[in-house]
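Asks: The file below is query_29.cif, mmCIF, N, CA and C atoms:
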data_run
loop_
_atom_site.label_atom_id
_atom_site.label_comp_id
_atom_site.auth_asym_id
_atom_site.auth_seq_id
_atom_site.Cartn_x
_atom_site.Cartn_y
_atom_site.Cartn_z
N MET A 11 36.67 0.12 33.60
CA MET A 11 35.66 1.03 33.09
C MET A 11 35.91 2.47 33.58
N GLY A 12 35.92 2.67 34.83
CA GLY A 12 36.21 4.02 35.31
C GLY A 12 34.99 4.76 35.77
N LEU A 13 35.22 5.78 36.55
CA LEU A 13 34.14 6.53 37.16
C LEU A 13 33.44 7.46 36.16
N MET A 14 34.21 8.09 35.27
CA MET A 14 33.64 9.08 34.35
C MET A 14 33.49 8.51 32.93
N ASN A 15 33.22 7.23 32.84
CA ASN A 15 33.22 6.56 31.54
C ASN A 15 31.88 6.66 30.80
N ALA A 16 30.83 7.10 31.45
CA ALA A 16 29.49 7.08 30.86
C ALA A 16 29.42 7.94 29.60
N SER A 17 30.08 9.10 29.58
CA SER A 17 30.00 9.97 28.40
C SER A 17 30.68 9.33 27.20
N ARG A 18 31.78 8.59 27.43
CA ARG A 18 32.44 7.93 26.32
C ARG A 18 31.58 6.79 25.78
N LEU A 19 30.97 6.03 26.67
CA LEU A 19 30.08 4.96 26.24
C LEU A 19 28.89 5.51 25.45
N LYS A 20 28.36 6.65 25.88
CA LYS A 20 27.24 7.28 25.19
C LYS A 20 27.64 7.70 23.78
N LYS A 21 28.87 8.23 23.65
CA LYS A 21 29.37 8.68 22.36
C LYS A 21 29.54 7.51 21.40
N VAL A 22 30.06 6.41 21.91
CA VAL A 22 30.25 5.21 21.08
C VAL A 22 28.90 4.66 20.63
N ARG A 23 27.95 4.61 21.57
CA ARG A 23 26.62 4.10 21.23
C ARG A 23 25.96 4.97 20.18
N ARG A 24 26.13 6.29 20.24
CA ARG A 24 25.55 7.21 19.27
C ARG A 24 26.16 6.97 17.88
N LYS A 25 27.44 6.65 17.86
CA LYS A 25 28.13 6.41 16.59
C LYS A 25 27.63 5.12 15.93
N PHE A 26 27.47 4.07 16.72
CA PHE A 26 27.10 2.78 16.17
C PHE A 26 25.60 2.64 15.94
N ARG A 27 24.82 3.65 16.34
CA ARG A 27 23.40 3.63 16.03
C ARG A 27 23.16 3.60 14.53
N TRP A 28 24.06 4.21 13.76
CA TRP A 28 23.88 4.30 12.32
C TRP A 28 24.06 2.96 11.62
N LYS A 29 24.54 1.95 12.33
CA LYS A 29 24.61 0.60 11.76
C LYS A 29 23.24 -0.08 11.78
N ASN A 30 22.34 0.43 12.62
CA ASN A 30 21.00 -0.12 12.74
C ASN A 30 20.14 0.37 11.56
N LYS A 31 19.61 -0.57 10.77
CA LYS A 31 18.88 -0.21 9.55
C LYS A 31 17.62 0.61 9.85
N LYS A 32 16.86 0.22 10.87
CA LYS A 32 15.62 0.94 11.19
C LYS A 32 15.91 2.38 11.61
N TYR A 33 16.97 2.57 12.38
CA TYR A 33 17.35 3.92 12.81
C TYR A 33 17.73 4.77 11.60
N LYS A 34 18.51 4.18 10.70
CA LYS A 34 18.99 4.91 9.53
C LYS A 34 17.82 5.34 8.63
N VAL A 35 16.89 4.40 8.38
CA VAL A 35 15.72 4.70 7.55
C VAL A 35 14.89 5.82 8.17
N MET A 36 14.73 5.75 9.51
CA MET A 36 13.93 6.75 10.20
C MET A 36 14.59 8.13 10.13
N LYS A 37 15.89 8.21 10.40
CA LYS A 37 16.57 9.49 10.47
C LYS A 37 16.76 10.15 9.10
N LEU A 38 17.00 9.34 8.07
CA LEU A 38 17.21 9.90 6.73
C LEU A 38 15.90 10.12 5.98
N GLY A 39 14.77 9.69 6.57
CA GLY A 39 13.47 9.88 5.92
C GLY A 39 13.32 9.08 4.65
N LEU A 40 13.88 7.87 4.61
CA LEU A 40 13.88 7.08 3.39
C LEU A 40 12.49 6.54 3.06
N TYR A 41 11.64 6.31 4.06
CA TYR A 41 10.30 5.78 3.78
C TYR A 41 9.48 6.80 3.00
N SER A 42 9.54 8.05 3.39
CA SER A 42 8.74 9.07 2.70
C SER A 42 9.23 9.32 1.29
N LYS A 43 10.52 9.04 1.03
CA LYS A 43 11.04 9.22 -0.33
C LYS A 43 10.59 8.10 -1.26
N THR A 44 10.40 6.89 -0.73
CA THR A 44 10.01 5.77 -1.58
C THR A 44 8.51 5.51 -1.56
N ASP A 45 7.77 6.18 -0.70
CA ASP A 45 6.33 5.95 -0.56
C ASP A 45 5.60 6.45 -1.81
N PRO A 46 4.83 5.57 -2.50
CA PRO A 46 4.12 6.01 -3.71
C PRO A 46 3.04 7.05 -3.44
N LEU A 47 2.43 7.02 -2.24
CA LEU A 47 1.38 8.00 -1.91
C LEU A 47 1.96 9.28 -1.34
N GLU A 48 3.28 9.34 -1.16
CA GLU A 48 3.98 10.53 -0.68
C GLU A 48 3.44 11.02 0.66
N GLY A 49 3.17 10.09 1.57
CA GLY A 49 2.74 10.46 2.91
C GLY A 49 1.25 10.64 3.07
N LYS A 50 0.49 10.68 2.01
CA LYS A 50 -0.96 10.84 2.09
C LYS A 50 -1.61 9.49 2.35
N SER A 51 -2.87 9.50 2.77
CA SER A 51 -3.56 8.25 3.07
C SER A 51 -4.24 7.66 1.83
N GLN A 52 -4.62 8.50 0.88
CA GLN A 52 -5.32 8.02 -0.31
C GLN A 52 -4.78 8.73 -1.54
N ALA A 53 -5.00 8.11 -2.72
CA ALA A 53 -4.58 8.74 -3.98
C ALA A 53 -5.44 8.21 -5.12
N LYS A 54 -5.63 9.05 -6.14
CA LYS A 54 -6.38 8.64 -7.32
C LYS A 54 -5.43 8.08 -8.37
N GLY A 55 -5.98 7.16 -9.17
CA GLY A 55 -5.17 6.56 -10.21
C GLY A 55 -6.05 5.99 -11.31
N ILE A 56 -5.40 5.55 -12.40
CA ILE A 56 -6.07 4.96 -13.54
C ILE A 56 -5.73 3.48 -13.59
N VAL A 57 -6.76 2.63 -13.78
CA VAL A 57 -6.53 1.19 -13.85
C VAL A 57 -5.85 0.85 -15.17
N ILE A 58 -4.70 0.17 -15.09
CA ILE A 58 -3.96 -0.24 -16.29
C ILE A 58 -4.40 -1.63 -16.72
N GLU A 59 -4.43 -2.58 -15.76
CA GLU A 59 -4.87 -3.94 -16.07
C GLU A 59 -5.37 -4.61 -14.80
N LYS A 60 -6.19 -5.66 -15.00
CA LYS A 60 -6.67 -6.47 -13.89
C LYS A 60 -5.81 -7.72 -13.81
N VAL A 61 -5.36 -8.05 -12.60
CA VAL A 61 -4.50 -9.21 -12.40
C VAL A 61 -5.03 -10.05 -11.25
N GLN A 62 -4.54 -11.29 -11.16
CA GLN A 62 -4.87 -12.16 -10.04
C GLN A 62 -3.57 -12.58 -9.38
N LYS A 63 -3.54 -12.47 -8.06
CA LYS A 63 -2.37 -12.88 -7.29
C LYS A 63 -2.71 -14.16 -6.54
N GLU A 64 -1.74 -15.08 -6.52
CA GLU A 64 -1.96 -16.33 -5.80
C GLU A 64 -1.67 -16.10 -4.32
N ALA A 65 -2.55 -16.59 -3.46
CA ALA A 65 -2.40 -16.41 -2.02
C ALA A 65 -1.25 -17.27 -1.50
N ARG A 66 -0.67 -16.83 -0.38
CA ARG A 66 0.43 -17.59 0.22
C ARG A 66 -0.08 -18.83 0.91
N GLN A 67 0.84 -19.75 1.19
CA GLN A 67 0.50 -20.97 1.91
C GLN A 67 -0.04 -20.62 3.31
N PRO A 68 -0.93 -21.36 3.88
CA PRO A 68 -1.55 -22.60 3.42
C PRO A 68 -2.79 -22.37 2.56
N ASN A 69 -3.13 -21.12 2.23
CA ASN A 69 -4.31 -20.84 1.40
C ASN A 69 -3.98 -21.07 -0.07
N SER A 70 -5.04 -21.26 -0.87
CA SER A 70 -4.81 -21.53 -2.29
C SER A 70 -5.82 -20.77 -3.15
N ALA A 71 -6.07 -19.51 -2.83
CA ALA A 71 -7.05 -18.73 -3.58
C ALA A 71 -6.34 -17.83 -4.58
N MET A 72 -7.10 -17.33 -5.54
CA MET A 72 -6.60 -16.33 -6.47
C MET A 72 -7.22 -14.99 -6.06
N ARG A 73 -6.40 -14.11 -5.50
CA ARG A 73 -6.89 -12.82 -5.01
C ARG A 73 -6.99 -11.85 -6.18
N LYS A 74 -8.12 -11.14 -6.28
CA LYS A 74 -8.35 -10.23 -7.40
C LYS A 74 -7.69 -8.88 -7.09
N CYS A 75 -6.84 -8.43 -8.01
CA CYS A 75 -6.11 -7.18 -7.85
C CYS A 75 -6.12 -6.43 -9.17
N CYS A 76 -5.61 -5.21 -9.15
CA CYS A 76 -5.45 -4.45 -10.38
C CYS A 76 -4.21 -3.57 -10.28
N LYS A 77 -3.60 -3.35 -11.43
CA LYS A 77 -2.45 -2.46 -11.49
C LYS A 77 -2.98 -1.05 -11.74
N VAL A 78 -2.54 -0.10 -10.90
CA VAL A 78 -3.04 1.27 -10.95
C VAL A 78 -1.87 2.22 -11.16
N GLN A 79 -2.02 3.15 -12.12
CA GLN A 79 -1.02 4.19 -12.30
C GLN A 79 -1.53 5.45 -11.60
N LEU A 80 -0.78 5.92 -10.60
CA LEU A 80 -1.21 7.08 -9.82
C LEU A 80 -1.12 8.34 -10.66
N ILE A 81 -2.10 9.22 -10.50
CA ILE A 81 -2.15 10.46 -11.28
C ILE A 81 -1.11 11.45 -10.79
N LYS A 82 -0.88 11.51 -9.46
CA LYS A 82 -0.03 12.55 -8.88
C LYS A 82 1.43 12.42 -9.26
N ASN A 83 1.94 11.17 -9.43
CA ASN A 83 3.37 11.03 -9.74
C ASN A 83 3.68 9.98 -10.80
N GLY A 84 2.66 9.32 -11.35
CA GLY A 84 2.88 8.37 -12.43
C GLY A 84 3.41 7.02 -12.00
N ARG A 85 3.51 6.76 -10.71
CA ARG A 85 4.01 5.47 -10.24
C ARG A 85 2.94 4.39 -10.35
N ASN A 86 3.37 3.16 -10.57
CA ASN A 86 2.45 2.04 -10.66
C ASN A 86 2.42 1.28 -9.34
N VAL A 87 1.21 0.97 -8.85
CA VAL A 87 1.05 0.16 -7.65
C VAL A 87 0.03 -0.94 -7.95
N THR A 88 0.11 -2.02 -7.19
CA THR A 88 -0.88 -3.09 -7.28
C THR A 88 -1.85 -2.92 -6.12
N ALA A 89 -3.15 -2.89 -6.44
CA ALA A 89 -4.17 -2.66 -5.42
C ALA A 89 -5.13 -3.84 -5.37
N PHE A 90 -5.46 -4.25 -4.15
CA PHE A 90 -6.41 -5.34 -3.92
C PHE A 90 -7.83 -4.84 -4.15
N ILE A 91 -8.68 -5.71 -4.70
CA ILE A 91 -10.09 -5.36 -4.93
C ILE A 91 -10.93 -6.15 -3.92
N PRO A 92 -11.39 -5.51 -2.83
CA PRO A 92 -12.14 -6.25 -1.81
C PRO A 92 -13.60 -6.44 -2.22
N GLY A 93 -14.18 -7.54 -1.78
CA GLY A 93 -15.61 -7.76 -2.02
C GLY A 93 -15.86 -8.92 -2.97
N ASN A 94 -17.01 -9.54 -2.78
CA ASN A 94 -17.42 -10.68 -3.58
C ASN A 94 -17.85 -10.21 -4.97
N LEU A 95 -17.19 -10.69 -6.01
CA LEU A 95 -17.47 -10.32 -7.41
C LEU A 95 -17.33 -8.83 -7.68
N ALA A 96 -16.49 -8.15 -6.90
CA ALA A 96 -16.30 -6.71 -7.11
C ALA A 96 -15.44 -6.42 -8.34
N LEU A 97 -14.76 -7.45 -8.84
CA LEU A 97 -13.88 -7.27 -9.99
C LEU A 97 -14.65 -6.84 -11.23
N LYS A 98 -15.90 -7.26 -11.35
CA LYS A 98 -16.67 -6.95 -12.57
C LYS A 98 -17.10 -5.48 -12.63
N PHE A 99 -16.97 -4.74 -11.52
CA PHE A 99 -17.34 -3.32 -11.52
C PHE A 99 -16.16 -2.43 -11.90
N ILE A 100 -14.97 -3.02 -12.05
CA ILE A 100 -13.78 -2.24 -12.39
C ILE A 100 -13.33 -2.64 -13.79
N ASP A 101 -13.22 -1.66 -14.67
CA ASP A 101 -12.73 -1.89 -16.04
C ASP A 101 -11.41 -1.15 -16.22
N GLU A 102 -10.71 -1.49 -17.30
CA GLU A 102 -9.49 -0.76 -17.61
C GLU A 102 -9.83 0.70 -17.93
N HIS A 103 -8.92 1.57 -17.59
CA HIS A 103 -9.04 3.03 -17.79
C HIS A 103 -10.08 3.68 -16.90
N ASP A 104 -10.56 2.98 -15.88
CA ASP A 104 -11.43 3.61 -14.87
C ASP A 104 -10.57 4.39 -13.90
N GLU A 105 -11.16 5.44 -13.32
CA GLU A 105 -10.46 6.20 -12.29
C GLU A 105 -10.84 5.63 -10.93
N VAL A 106 -9.83 5.23 -10.16
CA VAL A 106 -10.08 4.61 -8.86
C VAL A 106 -9.37 5.39 -7.77
N LEU A 107 -9.88 5.24 -6.55
CA LEU A 107 -9.25 5.82 -5.36
C LEU A 107 -8.68 4.67 -4.56
N VAL A 108 -7.37 4.72 -4.27
CA VAL A 108 -6.72 3.66 -3.51
C VAL A 108 -6.29 4.19 -2.15
N GLU A 109 -6.23 3.28 -1.19
CA GLU A 109 -5.75 3.61 0.15
C GLU A 109 -4.88 2.47 0.64
N ARG A 110 -4.14 2.72 1.73
CA ARG A 110 -3.31 1.67 2.29
C ARG A 110 -4.18 0.59 2.94
N ILE A 111 -3.77 -0.66 2.79
CA ILE A 111 -4.51 -1.75 3.42
C ILE A 111 -4.33 -1.70 4.93
N GLY A 112 -3.13 -1.36 5.39
CA GLY A 112 -2.90 -1.27 6.82
C GLY A 112 -2.38 -2.54 7.42
N GLY A 113 -1.46 -3.18 6.73
CA GLY A 113 -0.81 -4.35 7.30
C GLY A 113 0.21 -3.93 8.35
N ARG A 114 0.85 -4.89 8.96
CA ARG A 114 1.80 -4.58 10.02
C ARG A 114 3.04 -3.90 9.46
N LYS A 115 3.47 -2.84 10.12
CA LYS A 115 4.68 -2.09 9.77
C LYS A 115 4.67 -1.60 8.33
N GLY A 116 3.47 -1.32 7.78
CA GLY A 116 3.40 -0.80 6.43
C GLY A 116 3.57 -1.85 5.36
N ARG A 117 3.64 -3.12 5.73
CA ARG A 117 3.79 -4.19 4.75
C ARG A 117 2.43 -4.69 4.31
N GLN A 118 2.43 -5.75 3.49
CA GLN A 118 1.16 -6.27 2.97
C GLN A 118 0.36 -6.91 4.09
N LYS A 119 -0.94 -7.02 3.85
CA LYS A 119 -1.83 -7.58 4.87
C LYS A 119 -2.25 -8.98 4.44
N GLY A 120 -2.23 -9.89 5.39
CA GLY A 120 -2.73 -11.23 5.12
C GLY A 120 -1.84 -12.03 4.18
N ASP A 121 -2.48 -12.76 3.26
CA ASP A 121 -1.75 -13.71 2.43
C ASP A 121 -1.53 -13.21 1.00
N ILE A 122 -1.69 -11.91 0.76
CA ILE A 122 -1.50 -11.38 -0.59
C ILE A 122 -0.08 -10.84 -0.71
N PRO A 123 0.79 -11.48 -1.48
CA PRO A 123 2.19 -11.06 -1.51
C PRO A 123 2.40 -9.76 -2.28
N GLY A 124 3.03 -8.80 -1.63
CA GLY A 124 3.44 -7.57 -2.31
C GLY A 124 2.34 -6.57 -2.60
N VAL A 125 1.15 -6.73 -2.02
CA VAL A 125 0.05 -5.80 -2.27
C VAL A 125 -0.18 -5.00 -0.99
N ARG A 126 0.00 -3.68 -1.07
CA ARG A 126 -0.11 -2.82 0.11
C ARG A 126 -1.27 -1.84 0.04
N PHE A 127 -2.03 -1.87 -1.06
CA PHE A 127 -3.12 -0.90 -1.25
C PHE A 127 -4.40 -1.62 -1.62
N GLN A 128 -5.54 -0.93 -1.43
CA GLN A 128 -6.82 -1.49 -1.84
C GLN A 128 -7.68 -0.40 -2.48
N VAL A 129 -8.58 -0.83 -3.35
CA VAL A 129 -9.46 0.08 -4.06
C VAL A 129 -10.67 0.36 -3.19
N ILE A 130 -11.06 1.66 -3.07
CA ILE A 130 -12.26 1.98 -2.28
C ILE A 130 -13.33 2.69 -3.11
N LYS A 131 -12.93 3.34 -4.22
CA LYS A 131 -13.91 4.01 -5.07
C LYS A 131 -13.59 3.77 -6.54
N VAL A 132 -14.65 3.67 -7.35
CA VAL A 132 -14.50 3.53 -8.80
C VAL A 132 -15.34 4.61 -9.45
N ASN A 133 -14.71 5.49 -10.22
CA ASN A 133 -15.41 6.62 -10.87
C ASN A 133 -16.26 7.40 -9.86
N ASP A 134 -15.67 7.70 -8.71
CA ASP A 134 -16.32 8.44 -7.62
C ASP A 134 -17.56 7.75 -7.05
N GLN A 135 -17.65 6.43 -7.20
CA GLN A 135 -18.72 5.64 -6.60
C GLN A 135 -18.08 4.66 -5.60
N PRO A 136 -18.58 4.57 -4.37
CA PRO A 136 -18.00 3.62 -3.41
C PRO A 136 -18.12 2.18 -3.91
N LEU A 137 -17.02 1.45 -3.90
CA LEU A 137 -17.00 0.08 -4.42
C LEU A 137 -17.89 -0.84 -3.61
N ARG A 138 -17.93 -0.64 -2.30
CA ARG A 138 -18.75 -1.50 -1.44
C ARG A 138 -20.24 -1.38 -1.80
N ARG A 139 -20.70 -0.16 -2.05
CA ARG A 139 -22.12 0.03 -2.41
C ARG A 139 -22.41 -0.53 -3.80
N LEU A 140 -21.40 -0.53 -4.68
CA LEU A 140 -21.60 -1.09 -6.02
C LEU A 140 -21.84 -2.60 -5.95
N TRP A 141 -20.95 -3.32 -5.23
CA TRP A 141 -21.13 -4.77 -5.24
C TRP A 141 -22.24 -5.25 -4.33
N LYS A 142 -22.72 -4.39 -3.43
CA LYS A 142 -23.91 -4.75 -2.65
C LYS A 142 -25.19 -4.51 -3.44
N GLY A 143 -25.08 -3.81 -4.57
CA GLY A 143 -26.24 -3.56 -5.42
C GLY A 143 -27.05 -2.36 -5.00
N GLN A 144 -26.49 -1.49 -4.16
CA GLN A 144 -27.24 -0.32 -3.70
C GLN A 144 -27.25 0.80 -4.75
N ILE A 145 -26.19 0.88 -5.57
CA ILE A 145 -26.14 1.90 -6.63
C ILE A 145 -25.60 1.24 -7.90
N GLU A 146 -25.75 1.95 -9.03
CA GLU A 146 -25.21 1.47 -10.29
C GLU A 146 -23.94 2.24 -10.62
N LYS A 147 -23.11 1.62 -11.47
CA LYS A 147 -21.84 2.23 -11.83
C LYS A 147 -22.06 3.47 -12.68
N GLY A 148 -21.37 4.54 -12.32
CA GLY A 148 -21.49 5.78 -13.07
C GLY A 148 -20.68 5.74 -14.36
N ARG A 149 -21.14 6.44 -15.37
CA ARG A 149 -20.43 6.51 -16.66
C ARG A 149 -19.53 7.73 -16.65
N ARG A 150 -18.36 7.61 -17.25
CA ARG A 150 -17.43 8.74 -17.34
C ARG A 150 -17.21 9.11 -18.77
#
Is it possible to give me this structure as structure tokens?
Replies:
Amino acid sequence: MGLMNASRLKKVRRKFRWKNKKYKVMKLGLYSKTDPLEGKSQAKGIVIEKVQKEARQPNSAMRKCCKVQLIKNGRNVTAFIPGNLALKFIDEHDEVLVERIGGRKGRQKGDIPGVRFQVIKVNDQPLRRLWKGQIEKGRR
């Protein structure tokens, strides 16, 4: 090895860091380039269709979701609709506000495959207050 070998080892380690996928993604800023919300926490969009996703094993539920086209960049995302019977308050062509669900490492949360966002407002009305019956759905 040698007495003055530390600088050479450091140089080699710096070179091979680029083989590490997480390091490469972080340094090249690849997450911000592929992120549909472009670094923001929330975004508005238009509901294209309502869909149901099958939950992963060992659960066997049909999770209520909707396909949303974001207004800011035109990208399509699938958003989870939280709440008991909240699906009936969302129609096609409604304007919704979506946010990240907050799963681990930016991935999906729980047993819903491929869903990273959730609906929080419909036509500028909070979805939670709608399905609790505290307010009525606004007309647009």
Asks: I'd like the neighbourhood of Lys82 of chain A as a PyMOL selection string, where a residue qualifies if any of its atoms comes within 8 Å (using all atoms listed in the file), though same-chain residues fewer than 5 positions away should be ignored.
Replies: chain A and resi 53-55
Asks: The PyMOL selection byres ((chain A and resi 62) around 7) on the file shown: which residues, as a PyMOL selection string?
Replies: chain A and resi 60-61+63-64+72-76
Asks: Give as a ChimeraX atom specification each residue that has an atom at most 7 Å from (-0.1, -7.2, -6.1) in the file, counting all atoms listed in the file.
Replies: /A:63,75-76,87-90,122-126
Asks: Interatomic distance between atom CA of Asn133 of chain A and atom CA of Val106 of chain A?
Replies: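 We find that atom CA of Asn133 of chain A and atom CA of Val106 of chain A lie 6.0 Å from each other.
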Asks: Which residues are near Leu107 of chain A? Cut-off 12 Å, only C-alpha atoms, ignore same chain within fewer than 3 positions. Put them as a compact mmCIF listing (two decimals) with N, CA and C atoms, in the coordinates of the input.
Replies:
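Result file follows (out-v4.txt):
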# COMPACT_ATOMS: atom_id res chain seq x y z
N LEU A 47 2.43 7.02 -2.24
CA LEU A 47 1.38 8.00 -1.91
C LEU A 47 1.96 9.28 -1.34
N SER A 51 -2.87 9.50 2.77
CA SER A 51 -3.56 8.25 3.07
C SER A 51 -4.24 7.66 1.83
N GLN A 52 -4.62 8.50 0.88
CA GLN A 52 -5.32 8.02 -0.31
C GLN A 52 -4.78 8.73 -1.54
N ALA A 53 -5.00 8.11 -2.72
CA ALA A 53 -4.58 8.74 -3.98
C ALA A 53 -5.44 8.21 -5.12
N LYS A 54 -5.63 9.05 -6.14
CA LYS A 54 -6.38 8.64 -7.32
C LYS A 54 -5.43 8.08 -8.37
N GLY A 55 -5.98 7.16 -9.17
CA GLY A 55 -5.17 6.56 -10.21
C GLY A 55 -6.05 5.99 -11.31
N ILE A 56 -5.40 5.55 -12.40
CA ILE A 56 -6.07 4.96 -13.54
C ILE A 56 -5.73 3.48 -13.59
N VAL A 57 -6.76 2.63 -13.78
CA VAL A 57 -6.53 1.19 -13.85
C VAL A 57 -5.85 0.85 -15.17
N VAL A 78 -2.54 -0.10 -10.90
CA VAL A 78 -3.04 1.27 -10.95
C VAL A 78 -1.87 2.22 -11.16
N GLN A 79 -2.02 3.15 -12.12
CA GLN A 79 -1.02 4.19 -12.30
C GLN A 79 -1.53 5.45 -11.60
N LEU A 80 -0.78 5.92 -10.60
CA LEU A 80 -1.21 7.08 -9.82
C LEU A 80 -1.12 8.34 -10.66
N ILE A 81 -2.10 9.22 -10.50
CA ILE A 81 -2.15 10.46 -11.28
C ILE A 81 -1.11 11.45 -10.79
N LYS A 82 -0.88 11.51 -9.46
CA LYS A 82 -0.03 12.55 -8.88
C LYS A 82 1.43 12.42 -9.26
N VAL A 87 1.21 0.97 -8.85
CA VAL A 87 1.05 0.16 -7.65
C VAL A 87 0.03 -0.94 -7.95
N ALA A 89 -3.15 -2.89 -6.44
CA ALA A 89 -4.17 -2.66 -5.42
C ALA A 89 -5.13 -3.84 -5.37
N PHE A 90 -5.46 -4.25 -4.15
CA PHE A 90 -6.41 -5.34 -3.92
C PHE A 90 -7.83 -4.84 -4.15
N ILE A 91 -8.68 -5.71 -4.70
CA ILE A 91 -10.09 -5.36 -4.93
C ILE A 91 -10.93 -6.15 -3.92
N ILE A 100 -14.97 -3.02 -12.05
CA ILE A 100 -13.78 -2.24 -12.39
C ILE A 100 -13.33 -2.64 -13.79
N ASP A 104 -10.56 2.98 -15.88
CA ASP A 104 -11.43 3.61 -14.87
C ASP A 104 -10.57 4.39 -13.90
N ARG A 110 -4.14 2.72 1.73
CA ARG A 110 -3.31 1.67 2.29
C ARG A 110 -4.18 0.59 2.94
N PHE A 127 -2.03 -1.87 -1.06
CA PHE A 127 -3.12 -0.90 -1.25
C PHE A 127 -4.40 -1.62 -1.62
N GLN A 128 -5.54 -0.93 -1.43
CA GLN A 128 -6.82 -1.49 -1.84
C GLN A 128 -7.68 -0.40 -2.48
N VAL A 129 -8.58 -0.83 -3.35
CA VAL A 129 -9.46 0.08 -4.06
C VAL A 129 -10.67 0.36 -3.19
N ILE A 130 -11.06 1.66 -3.07
CA ILE A 130 -12.26 1.98 -2.28
C ILE A 130 -13.33 2.69 -3.11
N LYS A 131 -12.93 3.34 -4.22
CA LYS A 131 -13.91 4.01 -5.07
C LYS A 131 -13.59 3.77 -6.54
N VAL A 132 -14.65 3.67 -7.35
CA VAL A 132 -14.50 3.53 -8.80
C VAL A 132 -15.34 4.61 -9.45
N ASN A 133 -14.71 5.49 -10.22
CA ASN A 133 -15.41 6.62 -10.87
C ASN A 133 -16.26 7.40 -9.86
N ASP A 134 -15.67 7.70 -8.71
CA ASP A 134 -16.32 8.44 -7.62
C ASP A 134 -17.56 7.75 -7.05
N GLN A 135 -17.65 6.43 -7.20
CA GLN A 135 -18.72 5.64 -6.60
C GLN A 135 -18.08 4.66 -5.60
N PRO A 136 -18.58 4.57 -4.37
CA PRO A 136 -18.00 3.62 -3.41
C PRO A 136 -18.12 2.18 -3.91
N LEU A 137 -17.02 1.45 -3.90
CA LEU A 137 -17.00 0.08 -4.42
C LEU A 137 -17.89 -0.84 -3.61
Asks: Between atom CA of Asp121 of chain A and atom CA of Ser70 of chain A, what distance in Å does the model show, to one decimal?
Replies: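 Separation between atom CA of Asp121 of chain A and atom CA of Ser70 of chain A: 9.6 Å.
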Asks: From the options A:Ala65, A:Lys142, A:Asn30, A:Ser17, which residue's atoms come nearest to Leu95 of chain A, counting only C-alpha atoms?
Replies: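 Between A:Ala65, A:Lys142, A:Asn30, A:Ser17, the residue approaching Leu95 of chain A most closely is A:Lys142.
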